[in-house]
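Asks: Mind having a look at this structure? Questions to follow.
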Amino acid sequence: MSNQVKKWVYLVVLSLIWGTSFILIKRGLVGFTPVQLGAIRIIIASLVIFSFGFKRLKEVQKKDVKWISSGAFLGTFFPPFLFALAQTQLDSGITSVFNTLTPLNTTIVGVLAFGAMINKRQLLGVVIGLLGSIALILAGETLDPDKSYWYAIFVYMSSLGYSFNINIIKKHLAHLSPLAITTASFAVVFLPAFIVLVWSGFFDLMVGANPPIASLGYIFLLAVIGTAFAKLYFNKLIQVSSPVFSASVTYTIPVVAIFWGLWDGEQLQAVQLLGALVVLVGVYLSNKKTPTD
């Protein structure tokens, strides 16, 4: 199979996997709290990554530890908790749209914290994307007043965490293999996640009269496929395609997530679709490369 074919296969696979992650979070929250769900997800994904990536830890040098630790907490530890918390108020499809802000936030963080340059078109994209996000929140508050669409701030915080992590890897960890970075990141957050899980009352719940086995199954799928294997496939996509093509998965994830949401009975109004389109336009403009880039 040629690289041209492989990159499209990986793109479709990642879109299906990550687009399905939001409905799996929704189902996991039926039986567990956001804190429990986040901790379980990290622990299971860690164990899977360790099973085939543990030997790569020898690549990590002493100088890398502080950057891996910073990126691990920002991009691996906090997002699972924040996404779960957001979906206690937001539908899975809408959450996936807010998640598309990650490339846009990567541009902002790169400029403000890492000295990256930004052109006028990218600046316009940042403004449009943020305006679209605000429009989505205000529309949601009007159309569904029983839910707090301001919980989107937790998705935005996750997006910022991912953005810092991406910039840290690009600037300070480019000499390490993707698998080494991923394994080391999970090694950093595994123990804190386990402490949180014990504190959350998870084990008392599981030995009780009616343990939420079905919800645990959804979280298991989320951790193994949506976290561990998805990272592996994304690394493969980067290897066989350009960064711009790899980033295009951002635009296809909401399509899958919104489909699952509608299938599960979620409602999506025309004004919300318009807001989502504005966000995607902003993300596209902020990441579109010029011929000289």
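Each chain of the structure tokens is named A, B, ... in the order shown, its residues numbered from 1; ligands are numbered from 1 in display order.
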Name the residues in contact with Leu273 in chain A at a cut-off of 10 Å, using only C-alpha atoms, excluding same-chain residues fewer than 6 positions from it; report them as a ChimeraX atom specification.
Replies: /A:94,97,136,279
Asks: List as an MDAnalysis selection string the protein and nucleic acid residues near Pro34 in chain A, meaning an atom at most 12 Å away when only C-alpha atoms are counted, but skip any in the same chain fewer than 2 places from it.
Replies: chainID A and resid 25:32 36:41 78:89 154 196:197 200 202 219
Asks: Any idea what's packed within 9 Å of Ser69 in chain A, counting only C-alpha atoms, ignoring anything in its chain fewer than 5 positions away? Could you give it as a ChimeraX atom specification?
Replies: /A:64,74,184-185,188-189
Asks: With only C-alpha atoms as the counted atoms, please give the residues lying no more than 12 Å from Ala139 in chain A, apart from itself and same-chain residues fewer than 6 positions off, as an MDAnalysis selection string.
Replies: chainID A and resid 94 132:133 145 147:150 268:276
Asks: Would you list the contacts of range 50-61 of chain A as number ranges by chain, taking every protein, DNA or RNA residue within 12 Å and counting only C-alpha atoms, but skipping same-chain residues closer than 6 positions in sequence?
Replies: A: 42-44, 67-69, 172-188, 190, 224, 228-229, 231-232
Asks: Any chance you can output those residues with C-alpha atoms as a PDB file, in the first residue's frame?
Replies:
ATOM      1  CA  ILE A  42      -5.814   7.619  31.868  1.00  0.00           C
ATOM      2  CA  ILE A  43      -4.977   4.440  33.795  1.00  0.00           C
ATOM      3  CA  ILE A  44      -6.265   2.027  31.155  1.00  0.00           C
ATOM      4  CA  TRP A  67       9.298  19.437  29.308  1.00  0.00           C
ATOM      5  CA  ILE A  68       7.715  15.985  29.201  1.00  0.00           C
ATOM      6  CA  SER A  69       6.228  16.527  32.666  1.00  0.00           C
ATOM      7  CA  HIS A 172      11.841  21.071  22.993  1.00  0.00           C
ATOM      8  CA  LEU A 173      11.171  17.369  22.303  1.00  0.00           C
ATOM      9  CA  ALA A 174      11.505  17.010  18.533  1.00  0.00           C
ATOM     10  CA  HIS A 175      14.579  14.790  18.984  1.00  0.00           C
ATOM     11  CA  LEU A 176      12.500  12.055  20.651  1.00  0.00           C
ATOM     12  CA  SER A 177      10.320   9.504  18.869  1.00  0.00           C
ATOM     13  CA  PRO A 178       6.536  10.007  19.159  1.00  0.00           C
ATOM     14  CA  LEU A 179       6.196   6.696  21.010  1.00  0.00           C
ATOM     15  CA  ALA A 180       8.873   7.700  23.548  1.00  0.00           C
ATOM     16  CA  ILE A 181       7.108  11.000  24.225  1.00  0.00           C
ATOM     17  CA  THR A 182       3.715   9.315  24.555  1.00  0.00           C
ATOM     18  CA  THR A 183       5.001   6.571  26.866  1.00  0.00           C
ATOM     19  CA  ALA A 184       6.907   9.029  29.049  1.00  0.00           C
ATOM     20  CA  SER A 185       3.865  11.296  29.283  1.00  0.00           C
ATOM     21  CA  PHE A 186       1.665   8.481  30.542  1.00  0.00           C
ATOM     22  CA  ALA A 187       4.411   7.405  32.944  1.00  0.00           C
ATOM     23  CA  VAL A 188       4.295  10.893  34.484  1.00  0.00           C
ATOM     24  CA  PHE A 190      -0.184   7.353  35.865  1.00  0.00           C
ATOM     25  CA  VAL A 224      -7.894   1.644  24.483  1.00  0.00           C
ATOM     26  CA  ALA A 228      -3.896   4.591  23.112  1.00  0.00           C
ATOM     27  CA  PHE A 229      -4.406   3.265  19.569  1.00  0.00           C
ATOM     28  CA  LYS A 231      -2.188   8.161  19.269  1.00  0.00           C
ATOM     29  CA  LEU A 232      -0.372   5.351  17.472  1.00  0.00           C
TER      30      LEU A 232
END
Asks: One decimal, Å: what's the distance from CA of Asp91 in chain A over to CA of Pro192 in chain A, could you say?
Replies: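 Between these atoms lies a distance of 28.5 Å.
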Asks: Considering only C-alpha atoms, can you say which of A:Ser92, A:Asn3, A:Phe98, A:Gly261 comes closest to Ala135 in chain A?
Replies: A:Phe98
Asks: From the set A:Leu237, A:Ala72, A:Leu24, A:Ile137, which residue has the shortest atom-to-atom contact distance to Tyr218 in chain A, counting only C-alpha atoms?
Replies: A:Leu24
Asks: Which polymer residues have any atom within 6 Å of an atom of Gly75 in chain A, counting only C-alpha atoms, with same-chain residues fewer than 2 positions away left out, as a list of chain:residue names?
Replies: A:Gly71, A:Ala72, A:Phe73, A:Gly161, A:Tyr162, A:Asn165
Asks: Using DSSP on the backbone, list every residue of range 137-204 of chain A that comes out as helix (DSSP H, G or I), and give them as an NGL selection string.
Replies: :A and (137-143 or 149-172 or 178-199 or 202-204)
Asks: Each residue of range 169-277 of chain A with at least one atom at most 8 Å from range 10-16 of chain A should appear once, together with its nearest atom pair and the corresponding distance in Å (one decimal); atoms considered: only C-alpha atoms; ordering: chain, then increasing residue number; output as a Markdown table.
Replies:
| residue | atom | partner | partner_atom | distance |
| --- | --- | --- | --- | --- |
| A:Ala230 | CA | A:Leu14 | CA | 6.3 |
| A:Tyr233 | CA | A:Tyr10 | CA | 6.4 |
| A:Phe234 | CA | A:Leu14 | CA | 7.1 |
| A:Lys236 | CA | A:Tyr10 | CA | 7.6 |
| A:Leu237 | CA | A:Tyr10 | CA | 5.9 |
| A:Ser246 | CA | A:Leu11 | CA | 7.6 |
| A:Val249 | CA | A:Ser15 | CA | 6.1 |
| A:Thr252 | CA | A:Ser15 | CA | 5.8 |
| A:Ile253 | CA | A:Ser15 | CA | 4.8 |
| A:Val256 | CA | A:Leu16 | CA | 6.2 |
Asks: Print the selection's residues with N, CA and C atoms to a file, as a PDB file, in the first residue's frame.
Replies:
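Dumped to again_37.pdb:
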ATOM      1  N   ALA A 230      -5.370   5.446  19.041  1.00  0.00           N
ATOM      2  CA  ALA A 230      -5.515   6.655  18.223  1.00  0.00           C
ATOM      3  C   ALA A 230      -4.195   7.421  18.152  1.00  0.00           C
ATOM      4  N   TYR A 233      -1.975   5.625  15.645  1.00  0.00           N
ATOM      5  CA  TYR A 233      -2.368   5.877  14.265  1.00  0.00           C
ATOM      6  C   TYR A 233      -2.047   7.312  13.847  1.00  0.00           C
ATOM      7  N   PHE A 234      -2.175   8.257  14.781  1.00  0.00           N
ATOM      8  CA  PHE A 234      -1.863   9.637  14.451  1.00  0.00           C
ATOM      9  C   PHE A 234      -0.369   9.796  14.170  1.00  0.00           C
ATOM     10  N   LYS A 236       1.495   7.506  12.920  1.00  0.00           N
ATOM     11  CA  LYS A 236       1.693   6.921  11.591  1.00  0.00           C
ATOM     12  C   LYS A 236       1.251   7.892  10.499  1.00  0.00           C
ATOM     13  N   LEU A 237       0.141   8.601  10.753  1.00  0.00           N
ATOM     14  CA  LEU A 237      -0.339   9.580   9.779  1.00  0.00           C
ATOM     15  C   LEU A 237       0.698  10.671   9.553  1.00  0.00           C
ATOM     16  N   SER A 246      -2.195  16.120   8.180  1.00  0.00           N
ATOM     17  CA  SER A 246      -2.463  15.484   9.470  1.00  0.00           C
ATOM     18  C   SER A 246      -3.461  16.297  10.283  1.00  0.00           C
ATOM     19  N   VAL A 249      -7.609  16.193  10.157  1.00  0.00           N
ATOM     20  CA  VAL A 249      -8.488  15.317  10.925  1.00  0.00           C
ATOM     21  C   VAL A 249      -9.384  16.136  11.855  1.00  0.00           C
ATOM     22  N   THR A 252     -12.797  16.635  10.284  1.00  0.00           N
ATOM     23  CA  THR A 252     -13.652  15.479  10.020  1.00  0.00           C
ATOM     24  C   THR A 252     -14.213  14.847  11.291  1.00  0.00           C
ATOM     25  N   ILE A 253     -13.557  15.086  12.435  1.00  0.00           N
ATOM     26  CA  ILE A 253     -14.033  14.524  13.701  1.00  0.00           C
ATOM     27  C   ILE A 253     -15.461  14.959  14.031  1.00  0.00           C
ATOM     28  N   VAL A 256     -18.379  12.949  12.369  1.00  0.00           N
ATOM     29  CA  VAL A 256     -18.685  11.657  12.989  1.00  0.00           C
ATOM     30  C   VAL A 256     -19.376  11.858  14.334  1.00  0.00           C
TER      31      VAL A 256
END
Asks: Grab the CA of Leu280 in chain A to CA of Leu101 in chain A distance for me, in Å with one decimal place.
Replies: 8.1 Å
Asks: Select, from A:Leu262, A:Ala113, A:Ala214, A:Ala209, the residue with the minimum atom-to-atom distance to Phe164 in chain A, counting only C-alpha atoms.
Replies: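 Of A:Leu262, A:Ala113, A:Ala214, A:Ala209, the one nearest Phe164 in chain A is A:Ala113, counting only C-alpha atoms.
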Asks: Using Å and a single decimal, report how far CA of Ile168 in chain A sits from CA of Gly115 in chain A.
Replies: 12.1 Å
